[in-house]
Amino acid sequence: MSESKRRSSVVLVHGAWADGSSWNNIIGPLLAKGLNVLAAPIPLTSLSDDVAALDRALERTDGPVVLAAHAYGGAVIAASANERVQSLVFIAALAPDEGETVAEVFYRDKPHLQAPQLAPDAHGFIWMPQGAFGPERAALFAATQRPIAVACIQEKAPRPAWRVKPSWYLIAEEDRMINPSTQLFMAQRIGARIRSAKVDHTPLVTAPELVIEVILEAVANSAA
């Protein structure tokens with residue numbers, strides 16, 4: 001077996017209004033650990049479309065895989081049935097159960113008083129309001145955002161992989177997008193190994209070392 005097939009792969013899935021570059025602060029350090037790393041591009045057009053795109057990305061990897069996702073991407077990684085996936089990592093991510101929609105879990109608890117007001121445009125896509133991005137790289141994120149289709153949050157989720165695979169969850173205690181209480185509910189329902197920290201909705205940018213620690217713990221557990 002080649003060295004590339006022996007090494008674990010970490011496949012990263014971005015959330016709404018983002019693309020693979022949202023993981024830029026995470027990719028380099030993981031590569032430095034000798035891991036294969038891939039940021040899967042998902043179209044944000046429906047949950048089924050996004051899962052299919054993830055599965056196509058997984059075809060570009062060999063050997064064991066750890067899936068890590070931010071925000072909406074949590075629904076996507078949980079819906080993949082790829083047998084090489086060893087574990088799942090949720091970074092302030094949404095994790096609907098079978099038959100639930102992303103919208104149902106997102107709105108389970110009251111939104112933060114400073115949460116952005118979200119509504120679809122005439123084409124069925126939801127854009128993040130210009131001033132709703134965090135202070136770090138806010139202008140860049142606002143300028144490059146990719147909208148999410150309403151279909152992504154209204155489609156019922158299939159049986160999630162977290163029912164049978166070990167999971168990790170990083171709760172963002174200062175999240176103004178996904179209520180931390182909702183995150184705790186999902187993490188406990190998953191049976192995840194939980195980390196909780198005073199970070200905002202985008203620890204990929206604001207606390208990358210913490211995100212890397214959680215992913216590496218999942219990788220180490222999968223290798224063992």
# chains A, B, ... in the order shown; residues from 1 in each chain; ligands from 1
$ residues_around --residues "Pro43 (chain A)" --least-positions-apart "4" --cutoff "8 Å" --atoms "only C-alpha atoms" --output "list in words"
Asp49, Asp50 and Ala53 of chain A
$ write_last_selection --atoms "N, CA, C and O atoms" --output "tab-separated table (two decimals), in the first residue's frame"
chain	number	residue	atom	x	y	z
A	49	ASP	N	-27.94	17.93	-3.39
A	49	ASP	CA	-26.87	18.36	-4.28
A	49	ASP	C	-25.55	18.46	-3.53
A	49	ASP	O	-24.48	18.07	-4.05
A	50	ASP	N	-25.59	18.98	-2.33
A	50	ASP	CA	-24.38	19.20	-1.56
A	50	ASP	C	-23.76	17.87	-1.10
A	50	ASP	O	-22.54	17.72	-1.10
A	53	ALA	N	-22.06	16.37	-4.07
A	53	ALA	CA	-20.78	17.04	-4.33
A	53	ALA	C	-19.71	16.56	-3.36
A	53	ALA	O	-18.55	16.35	-3.74
$ closest_atom_pairs --of "region 177-203 of chain A" --to "region 86-104 of chain A" --cutoff "7 Å" --atoms "only C-alpha atoms" --output "Markdown table"
| residue | atom | partner | partner_atom | distance |
| --- | --- | --- | --- | --- |
| A:Gln183 | CA | A:Ala92 | CA | 6.6 |
| A:Met186 | CA | A:Ala95 | CA | 6.3 |
| A:His201 | CA | A:Ala92 | CA | 6.6 |
$ closest_residue --among "A:Gly34, A:Ile215, A:Gly74, A:His14" --to "Ile153 (chain A)" --atoms "only C-alpha atoms"
A:Gly74
$ select_by_dssp --residues "chain A" --states "strand (DSSP E)" --output "VMD selection string"
chain A and resid 9 to 13 36 to 40 65 to 70 85 to 91 125 to 126 148 to 149 167 to 172 193 to 197
$ residues_around --residues "Ile42 (chain A)" --least-positions-apart "5" --cutoff "12 Å" --atoms "only C-alpha atoms" --output "PyMOL selection string"
chain A and resi 12-20+47-57+69+72-73+76-77+146-149+152
$ closest_atom_pairs --of "region 20-73 of chain A" --to "region 206-209 of chain A" --cutoff "12 Å" --atoms "only C-alpha atoms" --output "JSON lines"
{"residue": "A:Ser22", "atom": "CA", "partner": "A:Pro208", "partner_atom": "CA", "distance": 10.8}
{"residue": "A:Trp23", "atom": "CA", "partner": "A:Pro208", "partner_atom": "CA", "distance": 8.9}
{"residue": "A:Asn24", "atom": "CA", "partner": "A:Pro208", "partner_atom": "CA", "distance": 9.4}
{"residue": "A:Asn25", "atom": "CA", "partner": "A:Pro208", "partner_atom": "CA", "distance": 6.2}
{"residue": "A:Ile26", "atom": "CA", "partner": "A:Pro208", "partner_atom": "CA", "distance": 6.1}
{"residue": "A:Ile27", "atom": "CA", "partner": "A:Pro208", "partner_atom": "CA", "distance": 9.9}
{"residue": "A:Gly28", "atom": "CA", "partner": "A:Pro208", "partner_atom": "CA", "distance": 10.8}
{"residue": "A:Pro29", "atom": "CA", "partner": "A:Glu209", "partner_atom": "CA", "distance": 8.9}
{"residue": "A:Leu30", "atom": "CA", "partner": "A:Glu209", "partner_atom": "CA", "distance": 10.6}
$ closest_residue --among "A:Val11, A:Ala75, A:Ala151, A:Ala161" --to "Gly191 (chain A)" --atoms "only C-alpha atoms"
A:Ala161
$ select_by_dssp --residues "chain A" --states "alpha helix (DSSP H)" --output "MDAnalysis selection string"
chainID A and resid 3:6 24:32 47:58 73:79 102:106 138:144 150:154 180:190 203:206 208:223
$ closest_residue --among "A:Lys110, A:His70, A:Arg193, A:Arg84" --to "Val211 (chain A)" --atoms "only C-alpha atoms"
A:His70
$ atom_distance --atom1 "CA of Arg163 (chain A)" --atom2 "CA of Asn221 (chain A)"
17.1 Å
$ atom_distance --atom1 "CA of Val65 (chain A)" --atom2 "CA of Ser181 (chain A)"
29.1 Å
$ closest_residue --among "A:Val10, A:Val164, A:Leu216, A:Val105" --to "Ala78 (chain A)" --atoms "only C-alpha atoms"
A:Val164
$ closest_residue --among "A:Ala71, A:Val85, A:Ala119, A:Pro41" --to "Ser9 (chain A)" --atoms "only C-alpha atoms"
A:Val85
$ residues_around --residues "Ile194 (chain A)" --least-positions-apart "2" --cutoff "9 Å" --atoms "only C-alpha atoms" --output "list in words"
Ser167, Trp168, Tyr169, Leu170, Ile171, Leu184, Ala187, Gln188, Gly191, Ala192 and Ser196 of chain A
$ atom_distance --atom1 "CA of Ser46 (chain A)" --atom2 "CA of Thr182 (chain A)"
22.4 Å
